[in-house]
Amino acid sequence: MLATIKKLNDVPVAVFEREMKHSPKEVWDYLTENDKLKQWFSELEVKSLEKGGHILFDFQDGNYEKMEILDVKMEEVLEFVWPPKNTVRFELNDKDGHCQLIFKQFLYEITEHTAKDLAGWHVCLQVIETLLNGEEVKDRKASWECVYPKYVEVVKPYLNASI
C-alpha cells in the first residue's frame, strides 16, 4: 500500500501504515538493534538510543551524517532527523499481539528527491516485514523501480507548493 500525504499543522506528512503479524517488540528490534537494522538499511547505525542521542548514516565513502534522535519511547516510538530538513517517525502499536506500524516522514522540504526517499522507505518497510516472516528478501531494486513512478505522482502536487 502506498503512503499518503496529509497535512499536519500545515506540514505535509507522508504516512505509511502496515499491519504486521509480529509483536511490537520484534518490529522494534529491527529498528534499533544494529545487527537487524543493517539487514534492511545497511547505511544506518544506532549510536545512542535516547532522546538527544544519534543515528549515523554511512555514505559508504568514509563520510557520515549524524542524525539526532528527537523522540524515543521503548518499543513504541522512534523519531529522528532525516537530512537535510525532514524528520521520520516510527510508531508501533500493539493490536492483539500484532504490530500496527505507522511510519511518518515530515516533509519540511519537498524536492525532486522526495519521491526517491518515499519509494525507498516503502521498500524498507516491505523488507522488514519479509525478514520478520523469515522469508528471503527478493530484488529490492526491482521493487523500488516499481513504486518510484507512483511516488513521483504522489509528490507532484507538493513540489512547487509553498510549505
# chains A, B, ... in the order shown; residues from 1 in each chain; ligands from 1
>>> closest_atom_pairs(of="stretch 68-141 of chain A", to="stretch 53-58 of chain A", cutoff="10 Å", atoms="only C-alpha atoms", output="tab-separated table")
residue	atom	partner	partner_atom	distance
A:Glu68	CA	A:His54	CA	4.4
A:Ile69	CA	A:His54	CA	5.2
A:Leu70	CA	A:Gly53	CA	8.0
A:Asp71	CA	A:Gly53	CA	9.3
A:Val72	CA	A:Gly53	CA	9.5
A:Phe80	CA	A:His54	CA	7.9
A:Val81	CA	A:Ile55	CA	9.0
A:Trp82	CA	A:Phe57	CA	9.6
A:Pro83	CA	A:Phe57	CA	9.8
>>> select_by_dssp(residues="stretch 10-152 of chain A", states="strand (DSSP E or B)", output="PyMOL selection string")
chain A and resi 11-20+44-46+54-58+64-73+77-82+86-95+98-106
>>> write_last_selection(atoms="N, CA and C atoms", output="compact mmCIF listing (two decimals), in the first residue's frame")
# COMPACT_ATOMS: atom_id res chain seq x y z
N VAL A 11 2.18 21.12 7.76
CA VAL A 11 3.36 20.42 7.23
C VAL A 11 2.88 19.16 6.52
N PRO A 12 3.27 18.96 5.26
CA PRO A 12 2.93 17.71 4.59
C PRO A 12 3.66 16.54 5.28
N VAL A 13 2.93 15.46 5.49
CA VAL A 13 3.49 14.28 6.16
C VAL A 13 3.12 13.06 5.32
N ALA A 14 4.14 12.33 4.88
CA ALA A 14 3.90 11.05 4.20
C ALA A 14 3.65 10.01 5.27
N VAL A 15 2.54 9.29 5.16
CA VAL A 15 2.16 8.32 6.17
C VAL A 15 2.03 6.93 5.54
N PHE A 16 2.79 6.00 6.09
CA PHE A 16 2.72 4.59 5.69
C PHE A 16 2.11 3.84 6.86
N GLU A 17 1.16 2.97 6.58
CA GLU A 17 0.57 2.15 7.64
C GLU A 17 0.72 0.68 7.25
N ARG A 18 1.24 -0.10 8.19
CA ARG A 18 1.43 -1.53 7.96
C ARG A 18 0.94 -2.31 9.17
N GLU A 19 0.25 -3.40 8.90
CA GLU A 19 -0.14 -4.34 9.95
C GLU A 19 0.80 -5.53 9.83
N MET A 20 1.54 -5.81 10.88
CA MET A 20 2.49 -6.92 10.84
C MET A 20 2.09 -7.98 11.86
N LEU A 44 22.62 2.59 8.08
CA LEU A 44 22.26 3.16 9.39
C LEU A 44 22.89 2.39 10.55
N GLU A 45 23.23 3.15 11.61
CA GLU A 45 23.75 2.56 12.84
C GLU A 45 23.29 3.41 14.02
N VAL A 46 22.60 2.76 14.96
CA VAL A 46 22.18 3.46 16.17
C VAL A 46 23.41 3.57 17.07
N HIS A 54 21.91 9.72 18.87
CA HIS A 54 22.00 9.86 17.42
C HIS A 54 22.14 8.52 16.70
N ILE A 55 21.83 8.61 15.43
CA ILE A 55 21.95 7.52 14.48
C ILE A 55 22.92 8.01 13.41
N LEU A 56 23.83 7.16 12.99
CA LEU A 56 24.76 7.54 11.93
C LEU A 56 24.27 7.00 10.59
N PHE A 57 24.41 7.83 9.57
CA PHE A 57 24.18 7.41 8.19
C PHE A 57 25.54 7.33 7.53
N ASP A 58 25.93 6.14 7.11
CA ASP A 58 27.24 5.89 6.49
C ASP A 58 27.09 6.01 4.98
N TYR A 64 30.07 10.39 7.11
CA TYR A 64 28.90 10.03 7.90
C TYR A 64 28.04 11.26 8.15
N GLU A 65 26.75 11.03 8.28
CA GLU A 65 25.82 12.07 8.70
C GLU A 65 25.30 11.65 10.07
N LYS A 66 25.41 12.54 11.04
CA LYS A 66 24.93 12.28 12.39
C LYS A 66 23.51 12.83 12.49
N MET A 67 22.55 11.93 12.75
CA MET A 67 21.14 12.32 12.79
C MET A 67 20.65 12.23 14.23
N GLU A 68 20.13 13.34 14.72
CA GLU A 68 19.67 13.39 16.11
C GLU A 68 18.36 12.64 16.31
N ILE A 69 18.29 11.90 17.41
CA ILE A 69 17.05 11.25 17.81
C ILE A 69 16.22 12.29 18.56
N LEU A 70 15.01 12.54 18.05
CA LEU A 70 14.14 13.58 18.61
C LEU A 70 13.18 13.03 19.65
N ASP A 71 12.82 11.75 19.50
CA ASP A 71 11.87 11.14 20.44
C ASP A 71 12.10 9.64 20.43
N VAL A 72 12.05 9.05 21.61
CA VAL A 72 12.14 7.60 21.72
C VAL A 72 11.34 7.15 22.94
N LYS A 73 10.48 6.18 22.71
CA LYS A 73 9.75 5.50 23.78
C LYS A 73 9.91 4.03 23.45
N VAL A 77 7.96 4.31 20.01
CA VAL A 77 8.22 5.47 19.15
C VAL A 77 9.72 5.64 18.93
N LEU A 78 10.08 5.89 17.68
CA LEU A 78 11.44 6.29 17.34
C LEU A 78 11.32 7.37 16.28
N GLU A 79 11.82 8.57 16.60
CA GLU A 79 11.78 9.69 15.67
C GLU A 79 13.16 10.31 15.59
N PHE A 80 13.61 10.59 14.36
CA PHE A 80 14.92 11.20 14.19
C PHE A 80 14.95 12.10 12.97
N VAL A 81 15.95 12.95 12.93
CA VAL A 81 16.15 13.88 11.82
C VAL A 81 16.49 13.08 10.58
N TRP A 82 15.90 13.46 9.46
CA TRP A 82 16.22 12.86 8.18
C TRP A 82 16.69 14.00 7.27
N ASN A 86 14.12 17.17 6.96
CA ASN A 86 12.93 16.40 7.31
C ASN A 86 13.15 15.58 8.58
N THR A 87 12.08 14.96 9.05
CA THR A 87 12.18 14.02 10.16
C THR A 87 11.37 12.79 9.80
N VAL A 88 11.74 11.66 10.41
CA VAL A 88 10.99 10.42 10.24
C VAL A 88 10.59 9.91 11.62
N ARG A 89 9.45 9.23 11.66
CA ARG A 89 8.91 8.76 12.93
C ARG A 89 8.28 7.39 12.72
N PHE A 90 8.71 6.43 13.53
CA PHE A 90 8.11 5.11 13.58
C PHE A 90 7.24 5.05 14.83
N GLU A 91 5.99 4.66 14.67
CA GLU A 91 5.07 4.48 15.81
C GLU A 91 4.60 3.03 15.78
N LEU A 92 4.77 2.32 16.89
CA LEU A 92 4.39 0.91 16.98
C LEU A 92 3.25 0.78 17.98
N ASN A 93 2.16 0.16 17.56
CA ASN A 93 1.00 -0.05 18.41
C ASN A 93 0.70 -1.53 18.50
N ASP A 94 0.42 -2.01 19.69
CA ASP A 94 0.06 -3.41 19.89
C ASP A 94 -1.42 -3.59 19.56
N LYS A 95 -1.71 -4.46 18.61
CA LYS A 95 -3.08 -4.79 18.23
C LYS A 95 -3.25 -6.30 18.39
N HIS A 98 -0.19 -8.28 17.67
CA HIS A 98 0.41 -7.92 16.39
C HIS A 98 0.81 -6.45 16.43
N CYS A 99 1.61 -6.05 15.47
CA CYS A 99 2.11 -4.67 15.45
C CYS A 99 1.46 -3.87 14.33
N GLN A 100 0.87 -2.76 14.72
CA GLN A 100 0.45 -1.76 13.75
C GLN A 100 1.62 -0.78 13.69
N LEU A 101 2.27 -0.73 12.53
CA LEU A 101 3.40 0.18 12.32
C LEU A 101 2.91 1.36 11.51
N ILE A 102 3.09 2.55 12.07
CA ILE A 102 2.80 3.78 11.34
C ILE A 102 4.13 4.51 11.20
N PHE A 103 4.52 4.72 9.95
CA PHE A 103 5.75 5.42 9.66
C PHE A 103 5.38 6.75 9.03
N LYS A 104 5.99 7.83 9.53
CA LYS A 104 5.71 9.17 9.01
C LYS A 104 7.02 9.84 8.63
N GLN A 105 7.01 10.47 7.47
CA GLN A 105 8.11 11.35 7.12
C GLN A 105 7.54 12.75 7.01
N PHE A 106 8.00 13.62 7.91
CA PHE A 106 7.57 15.01 7.93
C PHE A 106 8.36 15.74 6.85
>>> select_by_dssp(residues="stretch 3-138 of chain A", states="alpha helix (DSSP H)", output="ChimeraX atom specification")
/A:24-32,34-40,114-132
>>> closest_atom_pairs(of="stretch 75-162 of chain A", to="stretch 1-10 of chain A", cutoff="8 Å", atoms="only C-alpha atoms", output="CSV")
residue,atom,partner,partner_atom,distance
A:Leu118,CA,A:Ala3,CA,7.9
A:His122,CA,A:Leu2,CA,7.3
A:Tyr151,CA,A:Leu2,CA,7.9
A:Val154,CA,A:Thr4,CA,7.4
>>> closest_residue(among="A:Val152, A:Val27, A:Ala142, A:Leu132", to="A:Asp117", atoms="only C-alpha atoms")
A:Val152
>>> closest_residue(among="A:Glu145, A:Phe59, A:Lys138, A:Leu159", to="A:Tyr108", atoms="only C-alpha atoms")
A:Leu159
>>> residues_around(residues="A:Trp40", least_positions_apart="4", cutoff="10 Å", atoms="only C-alpha atoms", output="PDB file with N, CA, C and O atoms, in the first residue's frame")
ATOM      1  N   TYR A  30      14.101  -4.669  14.961  1.00  0.00           N
ATOM      2  CA  TYR A  30      14.597  -4.386  13.609  1.00  0.00           C
ATOM      3  C   TYR A  30      14.879  -2.901  13.391  1.00  0.00           C
ATOM      4  O   TYR A  30      15.667  -2.535  12.525  1.00  0.00           O
ATOM      5  N   LEU A  31      14.278  -2.054  14.190  1.00  0.00           N
ATOM      6  CA  LEU A  31      14.514  -0.611  14.072  1.00  0.00           C
ATOM      7  C   LEU A  31      15.716  -0.153  14.880  1.00  0.00           C
ATOM      8  O   LEU A  31      16.323   0.875  14.562  1.00  0.00           O
ATOM      9  N   ASP A  35      22.488  -5.093  14.420  1.00  0.00           N
ATOM     10  CA  ASP A  35      22.630  -6.273  13.565  1.00  0.00           C
ATOM     11  C   ASP A  35      21.377  -6.503  12.721  1.00  0.00           C
ATOM     12  O   ASP A  35      21.466  -6.914  11.557  1.00  0.00           O
ATOM     13  N   LYS A  36      20.214  -6.203  13.251  1.00  0.00           N
ATOM     14  CA  LYS A  36      18.969  -6.342  12.496  1.00  0.00           C
ATOM     15  C   LYS A  36      18.721  -5.125  11.612  1.00  0.00           C
ATOM     16  O   LYS A  36      18.240  -5.262  10.479  1.00  0.00           O
ATOM     17  N   LEU A  44      22.622   2.593   8.085  1.00  0.00           N
ATOM     18  CA  LEU A  44      22.263   3.163   9.391  1.00  0.00           C
ATOM     19  C   LEU A  44      22.885   2.391  10.548  1.00  0.00           C
ATOM     20  O   LEU A  44      23.008   1.178  10.506  1.00  0.00           O
ATOM     21  N   VAL A 123      10.015   0.375   0.255  1.00  0.00           N
ATOM     22  CA  VAL A 123      10.725  -0.895   0.106  1.00  0.00           C
ATOM     23  C   VAL A 123      11.309  -1.342   1.447  1.00  0.00           C
ATOM     24  O   VAL A 123      11.246  -2.528   1.795  1.00  0.00           O
ATOM     25  N   CYS A 124      11.853  -0.421   2.224  1.00  0.00           N
ATOM     26  CA  CYS A 124      12.405  -0.776   3.540  1.00  0.00           C
ATOM     27  C   CYS A 124      11.352  -1.421   4.432  1.00  0.00           C
ATOM     28  O   CYS A 124      11.627  -2.423   5.104  1.00  0.00           O
ATOM     29  N   LEU A 125      10.148  -0.870   4.444  1.00  0.00           N
ATOM     30  CA  LEU A 125       9.086  -1.440   5.267  1.00  0.00           C
ATOM     31  C   LEU A 125       8.707  -2.838   4.778  1.00  0.00           C
ATOM     32  O   LEU A 125       8.450  -3.740   5.580  1.00  0.00           O
ATOM     33  N   GLN A 126       8.724  -3.037   3.448  1.00  0.00           N
ATOM     34  CA  GLN A 126       8.481  -4.374   2.893  1.00  0.00           C
ATOM     35  C   GLN A 126       9.567  -5.346   3.354  1.00  0.00           C
ATOM     36  O   GLN A 126       9.269  -6.492   3.714  1.00  0.00           O
ATOM     37  N   VAL A 127      10.806  -4.890   3.320  1.00  0.00           N
ATOM     38  CA  VAL A 127      11.930  -5.750   3.691  1.00  0.00           C
ATOM     39  C   VAL A 127      11.849  -6.132   5.164  1.00  0.00           C
ATOM     40  O   VAL A 127      12.076  -7.295   5.519  1.00  0.00           O
ATOM     41  N   ILE A 128      11.518  -5.187   6.030  1.00  0.00           N
ATOM     42  CA  ILE A 128      11.372  -5.501   7.458  1.00  0.00           C
ATOM     43  C   ILE A 128      10.348  -6.620   7.630  1.00  0.00           C
ATOM     44  O   ILE A 128      10.597  -7.602   8.338  1.00  0.00           O
ATOM     45  N   GLU A 129       9.204  -6.478   6.983  1.00  0.00           N
ATOM     46  CA  GLU A 129       8.162  -7.492   7.123  1.00  0.00           C
ATOM     47  C   GLU A 129       8.617  -8.841   6.556  1.00  0.00           C
ATOM     48  O   GLU A 129       8.366  -9.889   7.148  1.00  0.00           O
ATOM     49  N   THR A 130       9.292  -8.818   5.435  1.00  0.00           N
ATOM     50  CA  THR A 130       9.802 -10.050   4.829  1.00  0.00           C
ATOM     51  C   THR A 130      10.764 -10.750   5.782  1.00  0.00           C
ATOM     52  O   THR A 130      10.683 -11.968   5.989  1.00  0.00           O
ATOM     53  N   LEU A 131      11.677  -9.983   6.373  1.00  0.00           N
ATOM     54  CA  LEU A 131      12.646 -10.550   7.320  1.00  0.00           C
ATOM     55  C   LEU A 131      11.943 -11.110   8.554  1.00  0.00           C
ATOM     56  O   LEU A 131      12.273 -12.210   9.020  1.00  0.00           O
ATOM     57  N   VAL A 137      14.652 -12.002   1.137  1.00  0.00           N
ATOM     58  CA  VAL A 137      14.413 -10.703   0.507  1.00  0.00           C
ATOM     59  C   VAL A 137      14.749 -10.830  -0.968  1.00  0.00           C
ATOM     60  O   VAL A 137      15.844 -11.247  -1.335  1.00  0.00           O
ATOM     61  N   ARG A 140      15.335  -5.892  -4.270  1.00  0.00           N
ATOM     62  CA  ARG A 140      14.909  -4.581  -3.747  1.00  0.00           C
ATOM     63  C   ARG A 140      14.849  -3.535  -4.849  1.00  0.00           C
ATOM     64  O   ARG A 140      13.966  -2.685  -4.862  1.00  0.00           O
TER      65      ARG A 140
END
>>> closest_residue(among="A:Gly52, A:Pro24, A:Pro157, A:Gly120", to="A:Trp144", atoms="only C-alpha atoms")
A:Gly120
